[in-house]
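Undergrad: Take a look at the following structure, please.
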Amino acid sequence: MSWNDERVELLKKLWQDGLSASQIAAELGGVTRNAVIGKVHRLGLSGRVKSPTPSLAPRRPRATPQHSQPRPRFATQGNVALAPTPVALPSPMPHQEAEVMPFSCERVTIMELRECMCRWPLGDPSRSDFRFCGSKTNPGAPYCDYHARMAYQTVSERRRERRAAAG
DNA sequence: CCCTGATTCGC
DNA sequence: GCGAATCAGG
């Protein structure tokens, strides 16, 4: 679907009528709300009832292109999700969050690790004091509840936390 | 989690 | 110019 005059006119009308971008997209058909918003901006009719001083709140520039690479995901081996050990995988939060826990872990060695114990790594795997969390896991789960949240954190959760941390 | 508009940037 | 991915928020 392309933006012919007819569709652009309808877009303008619906936008001025106060419909949301997704509603307009549904009305037009063949386009997403992103397409509608993008078109609205290019037409220069954004800011319907916005603040009279848009320059006061310039949008923060993007840090670096995020969509050039897929987000790092934890690898899996067989049925078991591997924790992000510093050996093969980039640690999700290198300086923060790695050692800080709301409870004290069992701190078990690999020999003491059992099926029902959390496999979250603690410390440097190349060192002899390397341990696993070892807290109780739910049946079949590789991590305890706390570390499962870290390992399987969703994008929105991560965003929410980042935002909360930034203030 | 559902949604909103705003922005960037590869295409 | 287009719009998906993303951001920032309600």
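So you can find residues: chains in the structure tokens are A, B, ... in the order shown, residues in each start at 1, and ligands are numbered from 1 in order.
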Please return, as a PyMOL selection string, all residues of chain B lying within 8 Å of chain A when only C-alpha atoms (C1' of nucleotides) are considered.
TA: chain B and resi 4-8
Undergrad: Need the shell around DG1 in chain C: protein/DNA/RNA residues with any atom at most 12 Å away, counting only C-alpha atoms (C1' of nucleotides). Skip same-chain ones fewer than 6 positions apart. Format as a list in words?
TA: Ser2, Trp3, Ala35, Gly38, Lys39, His41, Arg42 and Leu43 of chain A; DC11 of chain B
Undergrad: Could the residues in this selection be saved with C-alpha atoms (C1' of nucleotides) as a short mmCIF file (atom, residue, chain, number, x, y, z; two decimals), in the first residue's frame?
TA:
data_model
loop_
_atom_site.label_atom_id
_atom_site.label_comp_id
_atom_site.auth_asym_id
_atom_site.auth_seq_id
_atom_site.Cartn_x
_atom_site.Cartn_y
_atom_site.Cartn_z
CA SER A 2 1.34 3.42 -0.89
CA TRP A 3 0.37 6.89 0.17
CA ALA A 35 3.72 3.89 9.24
CA GLY A 38 5.95 8.28 10.39
CA LYS A 39 3.76 9.76 7.69
CA HIS A 41 5.61 13.46 11.02
CA ARG A 42 6.75 13.77 7.46
CA LEU A 43 3.61 15.71 6.66
"C1'" DC B 11 16.37 0.51 3.19
#
Undergrad: Grab the CA of Cys105 in chain A to CA of Arg127 in chain A distance for me, in Å with one decimal place.
TA: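 Distance between the two atoms: 18.0 Å.
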Undergrad: Looking at A:Val40, A:Glu9, A:Glu115, A:Asn138, which one is nearest to chain C, with distances taken over only C-alpha atoms (C1' of nucleotides)?
TA: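 For chain C, the nearest of the candidates is A:Val40.
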Undergrad: For chain C, report every residue with an atom at most 8 Å from chain A (counting only C-alpha atoms (C1' of nucleotides)), formatted as a PyMOL selection string.
TA: chain C and resi 2-5
Undergrad: With N, CA, C and O atoms (P, O5', C5', C4', C3', O3' and C1' of nucleotides) kept, could you save the residues just selected as a compact mmCIF listing (two decimals), in the first residue's frame?
TA:
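After the write, part.txt holds the following:
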# COMPACT_ATOMS: atom_id res chain seq x y z
P DC C 2 6.01 8.54 1.75
O5' DC C 2 6.60 7.21 2.39
C5' DC C 2 6.86 6.09 1.54
C4' DC C 2 7.46 4.98 2.37
C3' DC C 2 6.67 4.67 3.65
O3' DC C 2 6.10 3.40 3.52
C1' DC C 2 9.04 4.75 4.02
P DG C 3 4.94 2.95 4.55
O5' DG C 3 5.79 2.30 5.73
C5' DG C 3 6.55 1.14 5.46
C4' DG C 3 7.38 0.79 6.69
C3' DG C 3 6.58 0.70 7.99
O3' DG C 3 7.17 -0.32 8.78
C1' DG C 3 8.30 2.22 8.26
P DA C 4 6.29 -1.47 9.42
O5' DA C 4 7.41 -2.36 10.11
C5' DA C 4 8.50 -2.85 9.32
C4' DA C 4 9.73 -3.01 10.20
C3' DA C 4 9.47 -3.59 11.57
O3' DA C 4 10.58 -4.40 11.93
C1' DA C 4 10.28 -1.36 11.79
P DA C 5 10.64 -5.17 13.31
O5' DA C 5 11.52 -4.15 14.17
C5' DA C 5 12.82 -3.83 13.73
C4' DA C 5 13.47 -2.86 14.71
C3' DA C 5 13.32 -3.25 16.19
O3' DA C 5 14.58 -3.10 16.81
C1' DA C 5 12.52 -1.05 15.83
Undergrad: What is the distance between CA of Leu28 in chain A and CA of Arg7 in chain A, in Å to one decimal?
TA: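 According to the coordinates, CA of Leu28 in chain A and CA of Arg7 in chain A are separated by 7.1 Å.
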Undergrad: Determine the nearest neighbour of Ala25 in chain A from the options A:Leu45, A:Leu11, A:Arg119, A:Glu112, counting only C-alpha atoms.
TA: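 Nearest to Ala25 in chain A: A:Leu11.
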Undergrad: Please identify the helix (DSSP H, G or I) residues within range 15-45 of chain A (assignment by DSSP from backbone atoms) and present them as a ChimeraX atom specification.
TA: /A:15-16,21-28,33-43
Undergrad: Given the selection you just returned, output its residues as a file containing N, CA, C and O atoms, formatted as a compact mmCIF listing (two decimals), in the first residue's frame.
TA:
# COMPACT_ATOMS: atom_id res chain seq x y z
N TRP A 15 -6.53 12.09 11.59
CA TRP A 15 -5.57 12.59 12.59
C TRP A 15 -6.11 13.85 13.25
O TRP A 15 -6.04 14.01 14.46
N GLN A 16 -6.65 14.75 12.42
CA GLN A 16 -7.22 15.98 12.97
C GLN A 16 -8.44 15.67 13.84
O GLN A 16 -8.74 16.39 14.78
N ALA A 21 -3.06 6.75 16.19
CA ALA A 21 -2.34 6.24 15.02
C ALA A 21 -2.75 4.80 14.69
O ALA A 21 -2.89 4.46 13.51
N SER A 22 -2.95 4.01 15.70
CA SER A 22 -3.32 2.62 15.43
C SER A 22 -4.73 2.52 14.87
O SER A 22 -5.00 1.68 14.00
N GLN A 23 -5.62 3.40 15.33
CA GLN A 23 -6.98 3.42 14.80
C GLN A 23 -6.97 3.84 13.34
O GLN A 23 -7.67 3.27 12.50
N ILE A 24 -6.17 4.84 13.04
CA ILE A 24 -6.05 5.31 11.66
C ILE A 24 -5.46 4.21 10.78
O ILE A 24 -5.93 3.99 9.65
N ALA A 25 -4.47 3.53 11.31
CA ALA A 25 -3.86 2.45 10.54
C ALA A 25 -4.89 1.38 10.22
O ALA A 25 -4.93 0.85 9.10
N ALA A 26 -5.72 1.06 11.19
CA ALA A 26 -6.76 0.06 10.97
C ALA A 26 -7.76 0.54 9.94
O ALA A 26 -8.23 -0.22 9.09
N GLU A 27 -8.10 1.83 10.01
CA GLU A 27 -9.06 2.42 9.08
C GLU A 27 -8.51 2.40 7.65
O GLU A 27 -9.21 2.03 6.70
N LEU A 28 -7.28 2.76 7.50
CA LEU A 28 -6.66 2.80 6.17
C LEU A 28 -6.43 1.38 5.65
O LEU A 28 -6.70 1.09 4.49
N ARG A 33 0.63 1.20 12.62
CA ARG A 33 0.56 2.50 13.29
C ARG A 33 1.89 3.24 13.16
O ARG A 33 1.92 4.46 13.09
N ASN A 34 2.98 2.48 13.08
CA ASN A 34 4.28 3.12 12.88
C ASN A 34 4.32 3.86 11.56
O ASN A 34 4.85 4.97 11.47
N ALA A 35 3.76 3.24 10.55
CA ALA A 35 3.72 3.89 9.24
C ALA A 35 2.91 5.17 9.31
O ALA A 35 3.31 6.20 8.74
N VAL A 36 1.79 5.10 10.02
CA VAL A 36 0.93 6.29 10.15
C VAL A 36 1.68 7.41 10.87
O VAL A 36 1.69 8.55 10.42
N ILE A 37 2.31 7.05 11.97
CA ILE A 37 3.04 8.06 12.74
C ILE A 37 4.16 8.66 11.91
O ILE A 37 4.37 9.88 11.89
N GLY A 38 4.88 7.79 11.24
CA GLY A 38 5.95 8.28 10.39
C GLY A 38 5.45 9.24 9.33
O GLY A 38 6.04 10.31 9.10
N LYS A 39 4.33 8.90 8.73
CA LYS A 39 3.76 9.76 7.69
C LYS A 39 3.29 11.07 8.29
O LYS A 39 3.52 12.15 7.71
N VAL A 40 2.65 10.99 9.43
CA VAL A 40 2.18 12.19 10.11
C VAL A 40 3.34 13.16 10.35
O VAL A 40 3.23 14.36 10.12
N HIS A 41 4.44 12.61 10.76
CA HIS A 41 5.61 13.46 11.02
C HIS A 41 6.15 14.07 9.75
O HIS A 41 6.50 15.24 9.71
N ARG A 42 6.21 13.25 8.72
CA ARG A 42 6.75 13.77 7.46
C ARG A 42 5.84 14.82 6.86
O ARG A 42 6.31 15.74 6.18
N LEU A 43 4.56 14.70 7.14
CA LEU A 43 3.61 15.71 6.66
C LEU A 43 3.68 16.96 7.53
O LEU A 43 3.11 17.98 7.19
